Amino acid sequence: MIHKRANNLYTESMQVSFVCIHIERSSRSVPLGAAMVASALRAAFPETISVEVVDAYLEEASKIQLDRIMATRPDYIGFSIYLWNTEASINLIRELKAQLPQVRIMVGGPHPSALPAYFAGIPEIDYVFTGEAEASIVNFFASKTKPENKTIHPSCPPELDQLPSPYLDGVLQAKNYSGLLWEFSRGCPFRCAFCYEARGSKQLRRFPLERLQQELAAFQQAGVNEIMVLDPTFNYNPIQAKELLRMLIDSEADIHWNFEIRAEYLDEEMAALFSMLPCSVQIGLQSTELPVLKRVNRSFNPELFFDKLLLLHETGTPYGLDLMYGLPTDSLQGFLRSLDFAFSVVPNHIDIFPLTILPGTP
């Protein structure tokens with residue numbers, strides 16, 4: 001079946017299914033990245049392309065995953081690939097190609113963005129999309145001829161005010177998940193050597209406030225009770241952070257919020273606003289050893305850090321600290337000093353992580 005689009009391009013009707021293999025079933029297992037790409041594609045081709053997002057889990061047998069994907073009767077399948085699901089995704093891709101050789105396989109996400117040549121070298125993978133793929137996948141399907149190069153890079157980051165919301169268009173059904181992930185912005189001004197976020201745009205770009213208000217209303221209507229805000233530094237712009245906090249407070253939503261912030265951008269007003277929400281604030285301390293931090297492009301002022309956390313402590317806002325062991329040049333004694341400092345500021349909890357070597361990071 002052929003449809004004529006307004007731009008005079010002809011597109012065959014097709015089914016594009018997006019797959020995300022999660023580590024486990026949890027409130028964080030939400031395929032938001034894949035759903036954003038799916039929404040962009042459906043919005044561009046509403047009459048000719050049907051999309052579906054398929055959840056899978058590492059604990060499942062591959063046959064269960066395979067049957068779930070094949071039930072969508074796909075023409076194209078896109079995999080959202082991270083460090084933890086790379087091996088499982090590649091194995092599933094090979095099984096799919098054996099069963100459905102005519103299906104075209106696309107991959108994207110942090111791992112293919114960091115190692116596009118590796119994924120392009122896998123015969124069963126037809127196309128590798130790097131970076132933020134909402135605009136590039138639309139251009140891909142709009143083109144009459146598919147590119148000879150398997151790797152497709154975005155020409156520039158997409159305009160966030162032009163992107164449809166998978167929570168508003170029905171691609172993601174909030175009621176089907178125990179918790180949700182939510183983006184207020186994209187980009188990160190910091191360049192921490194251990195973090196893949198630094199590979200993206202340094203410019204901080206915001207989603208329109210009107211869109212966020214509509215999504216929030218949809219979350220309330222769906223009865224969502226927990227949301228993780230994905231912004232790597234929610235309070236980098238204090239004025240905007242306070243505006244968003246007031247929006248959440250005014251909504252009186254019965255939702256528990258999780259934020260990641262930097263202590264140095266806290267002030268009394270912001271701490272007071274956090275205290276008016278049912279929330280938990282997570283702060284990446286990582287280490288207190290200055291030579292170690294310098295190696296990973298971070299800094300630390302213990303007096304300032306202590307004073308800022310005191311603001312949260314005085315308002316009764318729950319906060320936790322992240323520590324990382326195994327950083328370059330760190331030692332057991334150095335890590336224990338970081339741990340002692342973390343306990344001294346009386347957090348509600350401390351999360352301790354081993355250094356994970358993420359592809360594409362220094």
# chains A, B, ... in the order shown; residues from 1 in each chain; ligands from 1
call {"tool": "closest_atom_pairs", "arguments": {"of": "segment 14-72 of chain A", "to": "segment 129-135 of chain A", "cutoff": "7 Å", "atoms": "only C-alpha atoms", "output": "JSON lines"}}
result
{"residue": "A:Met36", "atom": "CA", "partner": "A:Glu134", "partner_atom": "CA", "distance": 6.9}
{"residue": "A:Val37", "atom": "CA", "partner": "A:Glu134", "partner_atom": "CA", "distance": 4.7}
{"residue": "A:Ala40", "atom": "CA", "partner": "A:Glu134", "partner_atom": "CA", "distance": 5.7}
call {"tool": "write_last_selection", "arguments": {"atoms": "N, CA, C and O atoms", "output": "PDB file, in the first residue's frame"}}
result
ATOM      1  N   MET A  36      10.728   8.015  22.844  1.00  0.00           N
ATOM      2  CA  MET A  36      10.876   9.341  22.248  1.00  0.00           C
ATOM      3  C   MET A  36      11.117   9.237  20.744  1.00  0.00           C
ATOM      4  O   MET A  36      10.543   9.986  19.941  1.00  0.00           O
ATOM      5  N   VAL A  37      11.963   8.299  20.339  1.00  0.00           N
ATOM      6  CA  VAL A  37      12.240   8.101  18.919  1.00  0.00           C
ATOM      7  C   VAL A  37      10.994   7.580  18.206  1.00  0.00           C
ATOM      8  O   VAL A  37      10.655   8.020  17.100  1.00  0.00           O
ATOM      9  N   ALA A  40       8.488  10.424  17.662  1.00  0.00           N
ATOM     10  CA  ALA A  40       8.902  11.315  16.578  1.00  0.00           C
ATOM     11  C   ALA A  40       8.582  10.699  15.222  1.00  0.00           C
ATOM     12  O   ALA A  40       8.119  11.384  14.293  1.00  0.00           O
TER      13      ALA A  40
END
call {"tool": "select_by_dssp", "arguments": {"residues": "segment 90-168 of chain A", "states": "strand (DSSP E)", "output": "list in words"}}
result
Arg104, Ile105, Met106, Val107, Gly108, Tyr127, Val128, Phe129, Thr151 and Ile152 of chain A
call {"tool": "write_last_selection", "arguments": {"atoms": "N, CA, C and O atoms", "output": "JSON list (two decimals), in the first residue's frame"}}
result
[["chain", "number", "residue", "atom", "x", "y", "z"],
["A", 104, "ARG", "N", 14.59, -5.38, 8.87],
["A", 104, "ARG", "CA", 15.75, -4.51, 9.01],
["A", 104, "ARG", "C", 15.95, -4.17, 10.48],
["A", 104, "ARG", "O", 15.00, -3.78, 11.18],
["A", 105, "ILE", "N", 17.20, -4.31, 10.94],
["A", 105, "ILE", "CA", 17.53, -4.09, 12.35],
["A", 105, "ILE", "C", 18.28, -2.77, 12.49],
["A", 105, "ILE", "O", 19.28, -2.52, 11.82],
["A", 106, "MET", "N", 17.78, -1.93, 13.41],
["A", 106, "MET", "CA", 18.43, -0.66, 13.74],
["A", 106, "MET", "C", 18.84, -0.70, 15.21],
["A", 106, "MET", "O", 18.14, -1.28, 16.05],
["A", 107, "VAL", "N", 19.96, -0.06, 15.54],
["A", 107, "VAL", "CA", 20.37, 0.05, 16.94],
["A", 107, "VAL", "C", 20.71, 1.51, 17.25],
["A", 107, "VAL", "O", 21.12, 2.27, 16.36],
["A", 108, "GLY", "N", 20.51, 1.89, 18.49],
["A", 108, "GLY", "CA", 20.86, 3.22, 18.96],
["A", 108, "GLY", "C", 21.05, 3.20, 20.46],
["A", 108, "GLY", "O", 20.95, 2.14, 21.09],
["A", 127, "TYR", "N", 21.50, -0.85, 10.46],
["A", 127, "TYR", "CA", 21.76, 0.58, 10.62],
["A", 127, "TYR", "C", 22.08, 0.90, 12.08],
["A", 127, "TYR", "O", 21.47, 0.35, 13.01],
["A", 128, "VAL", "N", 23.03, 1.82, 12.27],
["A", 128, "VAL", "CA", 23.44, 2.28, 13.59],
["A", 128, "VAL", "C", 23.15, 3.77, 13.69],
["A", 128, "VAL", "O", 23.70, 4.57, 12.92],
["A", 129, "PHE", "N", 22.29, 4.17, 14.62],
["A", 129, "PHE", "CA", 21.96, 5.58, 14.84],
["A", 129, "PHE", "C", 22.71, 6.07, 16.08],
["A", 129, "PHE", "O", 22.62, 5.47, 17.15],
["A", 151, "THR", "N", 26.12, 3.63, 9.35],
["A", 151, "THR", "CA", 26.11, 4.51, 10.53],
["A", 151, "THR", "C", 25.49, 5.85, 10.17],
["A", 151, "THR", "O", 25.91, 6.50, 9.21],
["A", 152, "ILE", "N", 24.53, 6.27, 10.97],
["A", 152, "ILE", "CA", 23.80, 7.51, 10.70],
["A", 152, "ILE", "C", 23.96, 8.44, 11.89],
["A", 152, "ILE", "O", 23.52, 8.14, 13.01]]
call {"tool": "select_by_dssp", "arguments": {"residues": "segment 184-244 of chain A", "states": "alpha helix (DSSP H)", "output": "PyMOL selection string"}}
result
chain A and resi 209-222+238-244
call {"tool": "write_last_selection", "arguments": {"atoms": "N, CA, C and O atoms", "output": "short mmCIF file (atom, residue, chain, number, x, y, z; two decimals), in the first residue's frame"}}
result
data_model
loop_
_atom_site.label_atom_id
_atom_site.label_comp_id
_atom_site.auth_asym_id
_atom_site.auth_seq_id
_atom_site.Cartn_x
_atom_site.Cartn_y
_atom_site.Cartn_z
N LEU A 209 7.67 24.51 29.10
CA LEU A 209 6.95 24.37 30.36
C LEU A 209 5.52 23.87 30.12
O LEU A 209 5.00 23.06 30.90
N GLU A 210 4.88 24.33 29.04
CA GLU A 210 3.51 23.89 28.75
C GLU A 210 3.44 22.39 28.55
O GLU A 210 2.51 21.72 29.02
N ARG A 211 4.43 21.83 27.85
CA ARG A 211 4.48 20.37 27.66
C ARG A 211 4.62 19.66 29.00
O ARG A 211 3.91 18.68 29.26
N LEU A 212 5.51 20.15 29.86
CA LEU A 212 5.73 19.53 31.16
C LEU A 212 4.45 19.57 31.99
O LEU A 212 4.13 18.60 32.70
N GLN A 213 3.72 20.67 31.93
CA GLN A 213 2.47 20.78 32.68
C GLN A 213 1.45 19.76 32.18
O GLN A 213 0.73 19.14 32.98
N GLN A 214 1.38 19.57 30.87
CA GLN A 214 0.46 18.59 30.31
C GLN A 214 0.85 17.16 30.72
O GLN A 214 -0.01 16.33 31.04
N GLU A 215 2.15 16.88 30.69
CA GLU A 215 2.61 15.56 31.11
C GLU A 215 2.31 15.32 32.58
O GLU A 215 1.86 14.22 32.97
N LEU A 216 2.53 16.32 33.40
CA LEU A 216 2.27 16.19 34.83
C LEU A 216 0.78 15.87 35.08
O LEU A 216 0.45 15.01 35.90
N ALA A 217 -0.09 16.56 34.37
CA ALA A 217 -1.52 16.29 34.51
C ALA A 217 -1.84 14.85 34.09
O ALA A 217 -2.67 14.18 34.73
N ALA A 218 -1.18 14.38 33.03
CA ALA A 218 -1.39 13.00 32.58
C ALA A 218 -0.89 12.00 33.63
O ALA A 218 -1.53 10.95 33.85
N PHE A 219 0.22 12.30 34.27
CA PHE A 219 0.74 11.42 35.32
C PHE A 219 -0.25 11.32 36.48
O PHE A 219 -0.49 10.24 37.03
N GLN A 220 -0.79 12.47 36.87
CA GLN A 220 -1.75 12.46 37.97
C GLN A 220 -2.99 11.66 37.61
O GLN A 220 -3.51 10.89 38.43
N GLN A 221 -3.48 11.84 36.41
CA GLN A 221 -4.67 11.13 35.97
C GLN A 221 -4.43 9.62 35.94
O GLN A 221 -5.34 8.83 36.23
N ALA A 222 -3.20 9.22 35.59
CA ALA A 222 -2.87 7.80 35.51
C ALA A 222 -2.56 7.19 36.87
O ALA A 222 -2.37 5.97 36.98
N PRO A 238 19.48 27.65 38.88
CA PRO A 238 18.62 27.73 40.07
C PRO A 238 17.26 28.38 39.80
O PRO A 238 16.25 27.95 40.38
N ILE A 239 17.22 29.40 38.94
CA ILE A 239 15.94 30.07 38.67
C ILE A 239 14.97 29.10 38.02
O ILE A 239 13.79 29.00 38.42
N GLN A 240 15.43 28.37 37.02
CA GLN A 240 14.57 27.41 36.34
C GLN A 240 14.20 26.26 37.26
O GLN A 240 13.06 25.76 37.23
N ALA A 241 15.15 25.80 38.08
CA ALA A 241 14.85 24.71 39.01
C ALA A 241 13.75 25.10 39.98
O ALA A 241 12.83 24.31 40.26
N LYS A 242 13.81 26.32 40.49
CA LYS A 242 12.77 26.78 41.42
C LYS A 242 11.42 26.89 40.72
O LYS A 242 10.38 26.59 41.32
N GLU A 243 11.42 27.33 39.47
CA GLU A 243 10.17 27.42 38.71
C GLU A 243 9.53 26.04 38.58
O GLU A 243 8.31 25.88 38.77
N LEU A 244 10.34 25.04 38.29
CA LEU A 244 9.83 23.68 38.15
C LEU A 244 9.37 23.12 39.49
O LEU A 244 8.33 22.44 39.56
#
call {"tool": "residues_around", "arguments": {"residues": "segment 113-124 of chain A", "least_positions_apart": "4", "cutoff": "12 Å", "atoms": "only C-alpha atoms", "output": "MDAnalysis selection string"}}
result
chainID A and resid 77 79:83 86:87 89:109 128:133 148:154 196:200 358:362
call {"tool": "residues_around", "arguments": {"residues": "segment 320-336 of chain A", "least_positions_apart": "5", "cutoff": "7 Å", "atoms": "only C-alpha atoms", "output": "compact mmCIF listing (two decimals) with N, CA and C atoms, in the first residue's frame"}}
result
# COMPACT_ATOMS: atom_id res chain seq x y z
N VAL A 281 16.61 13.70 47.33
CA VAL A 281 17.60 14.44 46.55
C VAL A 281 18.92 13.67 46.61
N GLN A 282 19.45 13.34 45.44
CA GLN A 282 20.70 12.58 45.36
C GLN A 282 21.82 13.48 44.88
N ILE A 283 22.97 13.41 45.57
CA ILE A 283 24.09 14.30 45.28
C ILE A 283 25.34 13.45 45.01
N GLY A 284 25.99 13.71 43.89
CA GLY A 284 27.17 12.95 43.52
C GLY A 284 28.43 13.50 44.17
N LEU A 285 28.78 12.96 45.32
CA LEU A 285 30.05 13.34 45.97
C LEU A 285 31.21 12.63 45.28
N GLN A 286 31.09 11.36 45.06
CA GLN A 286 32.06 10.47 44.38
C GLN A 286 33.34 10.28 45.18
N SER A 287 34.01 11.38 45.55
CA SER A 287 35.25 11.29 46.32
C SER A 287 35.52 12.65 46.95
N GLU A 289 38.90 13.19 47.69
CA GLU A 289 40.34 13.26 47.45
C GLU A 289 40.61 14.19 46.26
N VAL A 292 42.43 12.87 43.14
CA VAL A 292 41.58 11.90 42.44
C VAL A 292 40.52 12.64 41.62
N PRO A 347 23.83 12.00 55.87
CA PRO A 347 22.82 11.80 54.82
C PRO A 347 21.81 10.73 55.24
N ASN A 348 20.69 10.71 54.54
CA ASN A 348 19.71 9.65 54.80
C ASN A 348 20.20 8.31 54.28
N HIS A 349 21.00 8.33 53.23
CA HIS A 349 21.58 7.10 52.73
C HIS A 349 22.83 7.42 51.91
N ILE A 350 23.68 6.42 51.75
CA ILE A 350 24.88 6.53 50.93
C ILE A 350 24.87 5.39 49.93
N ASP A 351 24.97 5.73 48.65
CA ASP A 351 25.06 4.72 47.59
C ASP A 351 26.51 4.62 47.14
N ILE A 352 27.04 3.41 47.15
CA ILE A 352 28.45 3.19 46.81
C ILE A 352 28.52 2.36 45.53
N PHE A 353 29.23 2.88 44.54
CA PHE A 353 29.32 2.24 43.23
C PHE A 353 30.77 1.95 42.88
N PRO A 354 31.04 0.82 42.22
CA PRO A 354 32.36 0.64 41.62
C PRO A 354 32.46 1.49 40.36
N LEU A 355 33.65 1.92 40.02
CA LEU A 355 33.85 2.64 38.77
C LEU A 355 33.48 1.71 37.61
call {"tool": "residues_around", "arguments": {"residues": "Ile249 of chain A", "least_positions_apart": "3", "cutoff": "12 Å", "atoms": "only C-alpha atoms", "output": "list in words"}}
result
Leu216, Lys242, Glu243, Leu244, Leu245, Arg246, Glu252, Ala253, Asp254, Ile255, His256, Trp257, Ala272, Leu273, Phe274, Ser275, Met276, Leu277, Pro278 and Cys279 of chain A
call {"tool": "closest_atom_pairs", "arguments": {"of": "segment 110-228 of chain A", "to": "segment 55-58 of chain A", "cutoff": "12 Å", "atoms": "only C-alpha atoms", "output": "Markdown table"}}
result
| residue | atom | partner | partner_atom | distance |
| --- | --- | --- | --- | --- |
| A:Leu172 | CA | A:Asp55 | CA | 10.8 |
| A:Asn176 | CA | A:Asp55 | CA | 10.9 |
| A:Tyr177 | CA | A:Asp55 | CA | 10.7 |
call {"tool": "residues_around", "arguments": {"residues": "Arg205 of chain A", "least_positions_apart": "2", "cutoff": "10 Å", "atoms": "only C-alpha atoms", "output": "MDAnalysis selection string"}}
result
chainID A and resid 157:161 184:188 201:203 207:208
call {"tool": "closest_residue", "arguments": {"among": "A:Ile69, A:Val54, A:Ala174, A:Gly78", "to": "Val224 of chain A", "atoms": "only C-alpha atoms"}}
result
A:Ala174
call {"tool": "residues_around", "arguments": {"residues": "Glu60 of chain A", "least_positions_apart": "3", "cutoff": "12 Å", "atoms": "only C-alpha atoms", "output": "PyMOL selection string"}}
result
chain A and resi 21-25+55-57+63-68+88+92
call {"tool": "atom_distance", "arguments": {"atom1": "atom CA of Asp169 of chain A", "atom2": "atom CA of Asp231 of chain A"}}
result
22.1 Å
call {"tool": "atom_distance", "arguments": {"atom1": "atom CA of Pro302 of chain A", "atom2": "atom CA of Ser344 of chain A"}}
result
11.1 Å
